[in-house]
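Comments concern the structure below.
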Amino acid sequence: MYAIPVEKLDKIDMGRVKWALAFTNDSAEVDRIISLPFTVFGITSHGGVFTSQGYVDGTHLLIAEEGDGVDAKAYFVEGNVHTIVDPLKDVAKSIRKEMDVPSMLMIFPTLGLEETVVRTLDDAFYSRVRIFGGTAADNDFSGDWWTFTNGKKTSSGVVVVAFKSRNPLLSTFHAGYILTKKKGTVTKASHPETGGTVIYEIDGKPATEVYSSWLKERGFDISGVVEKGGIIPFEIAGLNPIARKFGEDIVVSHVFEVLPREKALLVLSYIKEGETIYHATATDSFLVSRTAVTVRKSLDDYLKVLGGILIYCAGCIAPIKGRLNDIANIYSRMVRGAPFVGAATYGEQGSLIVNGRIMNFHANQMIHTVLFTRRRG
């Protein structure tokens, strides 16, 4: 495997390329990417792309060749939450026909479709296949995001990639946050068709009242947003998600918007009434350094890393602006100089092993990595 910027494609033998993953923060490049003469898939990223040279502008590809021993089949589904379920079931049938049980699924959805995609595919494979991925992003939350593969692109849909590898595929899904002592039970919530959860009450009290009190104890004041409504600044929300516990791990959710009339919070993942939620927190340094922990949990000394994929939450970009090159450098060092690409995404999908079984999630403000490997010797 190797990683290169798109402008250097003319210097390689394209006939040897088996497949390529592409991340770009330039939506104008998408048409060029999908016209490439080999299997390619990917998404647009927020603000830049993580590479061995740092967090940089442009389009970058992770390229696999025949000798890497990894097959990839990409499927394109366009639609909304009402129309994508049946096509996704058909995709699962096609994957089973071609690969039986794949080594892993990667998904690249657009905003609001993540829960539907994860649940549909997880059910189709009876929770036997780990699912990882990231939600397409743009540079300014204007809606100029794209998921794409093999001549097709959409701003509302998903690309599903089935991997089959003769060597281990390593993967980790990590929160990057720690829990505070503040917690409560969601006592009233709803789930809009556009995705996510509106939390109206925590422990029977207005959700905005509870959450703002949690933040106030840590020196953050969102009283203006609570009164007028709107999006909570990423500099605050990025350091103060809410979390749920699963075994020894946590899954975090971005508190995205305040609905002032309802005194409610909009979060960008699915949370049910009756679930216990915790206030999670981090510092900018902690969010950077946890990149190393994420990779370390995957590494195996008996395996050589051929290439890597980094997915990092775009909601964390604002609190750590100025240290994004550090994330790229830490990741490069941890994968021992192996080629990689990384995207900053508007949602993260990943897998935990809880009580010995696979649990696949959509969440926010998470870090995850997929490593392609070969056994040493």
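The chains in the structure tokens are called A, B, ... from first to last as shown; in each chain the residues are counted from 1, and the ligands are counted from 1 in the order shown.
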
Write out as a PyMOL selection string all residues of segment 236-349 of chain A that backbone DSSP assigns to strand (DSSP E). chain A and resi 242-246+249-253+255-259+264-267+276-281+303-313+340-345+348-349

Show which residues sit within 10 Å of segment 143-158 of chain A, as a ChimeraX atom specification. Count only C-alpha atoms, and ignore same-chain residues fewer than 5 positions away. /A:20-28,30-46,74-81,83-84,88,107-114,117,135-138,346

List as a ChimeraX atom specification the protein and nucleic acid residues near Leu265 of chain A, meaning an atom at most 6 Å away when only C-alpha atoms are counted, but skip any in the same chain fewer than 4 places from it. /A:198-199,257-258

Which residues of segment 24-53 of chain A sit at most 10 Å from segment 335-341 of chain A, using only C-alpha atoms? Give each one's shortest atom pair and distance in Å (one decimal place), in chain and ascending residue order, as JSON lines.
{"residue": "A:Thr24", "atom": "CA", "partner": "A:Val341", "partner_atom": "CA", "distance": 10.0}
{"residue": "A:Val49", "atom": "CA", "partner": "A:Val341", "partner_atom": "CA", "distance": 7.0}
{"residue": "A:Phe50", "atom": "CA", "partner": "A:Val341", "partner_atom": "CA", "distance": 5.6}
{"residue": "A:Thr51", "atom": "CA", "partner": "A:Val341", "partner_atom": "CA", "distance": 5.2}
{"residue": "A:Ser52", "atom": "CA", "partner": "A:Phe340", "partner_atom": "CA", "distance": 7.1}

Looking only at the backbone, which of the residues in segment 80-324 of chain A does DSSP tag as alpha helix (DSSP H), as a ChimeraX atom specification? /A:85-99,114-124,207-216,223-228,234-237,284-296,324

Show which residues sit within 12 Å of Val129 of chain A, as a list of chain:residue names. Count only C-alpha atoms, and ignore same-chain residues fewer than 6 positions away. A:Ala92, A:Ile95, A:Arg96, A:Asp100, A:Val101, A:Pro102, A:Ser103, A:Met104, A:Leu105, A:Met106, A:Val118, A:Arg119, A:Leu121, A:Asp122, A:Asp123, A:Ala162, A:Phe163, A:Lys164, A:Leu169, A:Gly350, A:Ser351, A:Leu352, A:Ile353, A:Arg357, A:Ile358, A:Met359, A:Asn360

Of the candidates A:Phe132, A:Phe173, A:Tyr302, A:Phe372, which one gets nearest to Asp249 of chain A if we count only C-alpha atoms?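 Looking only at the distances to Asp249 of chain A, the closest residue turns out to be A:Phe173.
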
Go through A:Phe141, A:Trp19, A:Tyr200, A:Tyr278 and flag the residue nearest Leu215 of chain A, using only C-alpha atoms for the distances.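 Nearest to Leu215 of chain A: A:Tyr278.
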
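One finds atom CA of Ala318 of chain A at 28.1 Å from atom CA of Glu201 of chain A.
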
Give me the residues near segment 323-325 of chain A as an mmCIF file with C-alpha atoms, in the first residue's frame, where near means some atom within 8 Å (using only C-alpha atoms) and where sequence neighbours in that chain fewer than 5 positions away do not count.
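Output saved as part08.cif:
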data_model
loop_
_atom_site.group_PDB
_atom_site.id
_atom_site.type_symbol
_atom_site.label_atom_id
_atom_site.label_comp_id
_atom_site.auth_asym_id
_atom_site.auth_seq_id
_atom_site.Cartn_x
_atom_site.Cartn_y
_atom_site.Cartn_z
ATOM 1 C CA PHE A 50 -4.634 13.839 7.714
ATOM 2 C CA GLN A 53 2.893 15.440 5.985
ATOM 3 C CA GLY A 54 0.333 16.745 8.494
ATOM 4 C CA TYR A 55 -3.233 18.014 8.238
ATOM 5 C CA VAL A 288 -4.525 15.030 20.647
ATOM 6 C CA ILE A 317 -11.225 20.431 15.378
#

Out of A:Phe361, A:Ile311, A:Arg244, A:Met1, which residue has the shortest atom-to-atom distance to Thr120 of chain A when counting only C-alpha atoms?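 That would be A:Phe361, the residue with the smallest distance to Thr120 of chain A.
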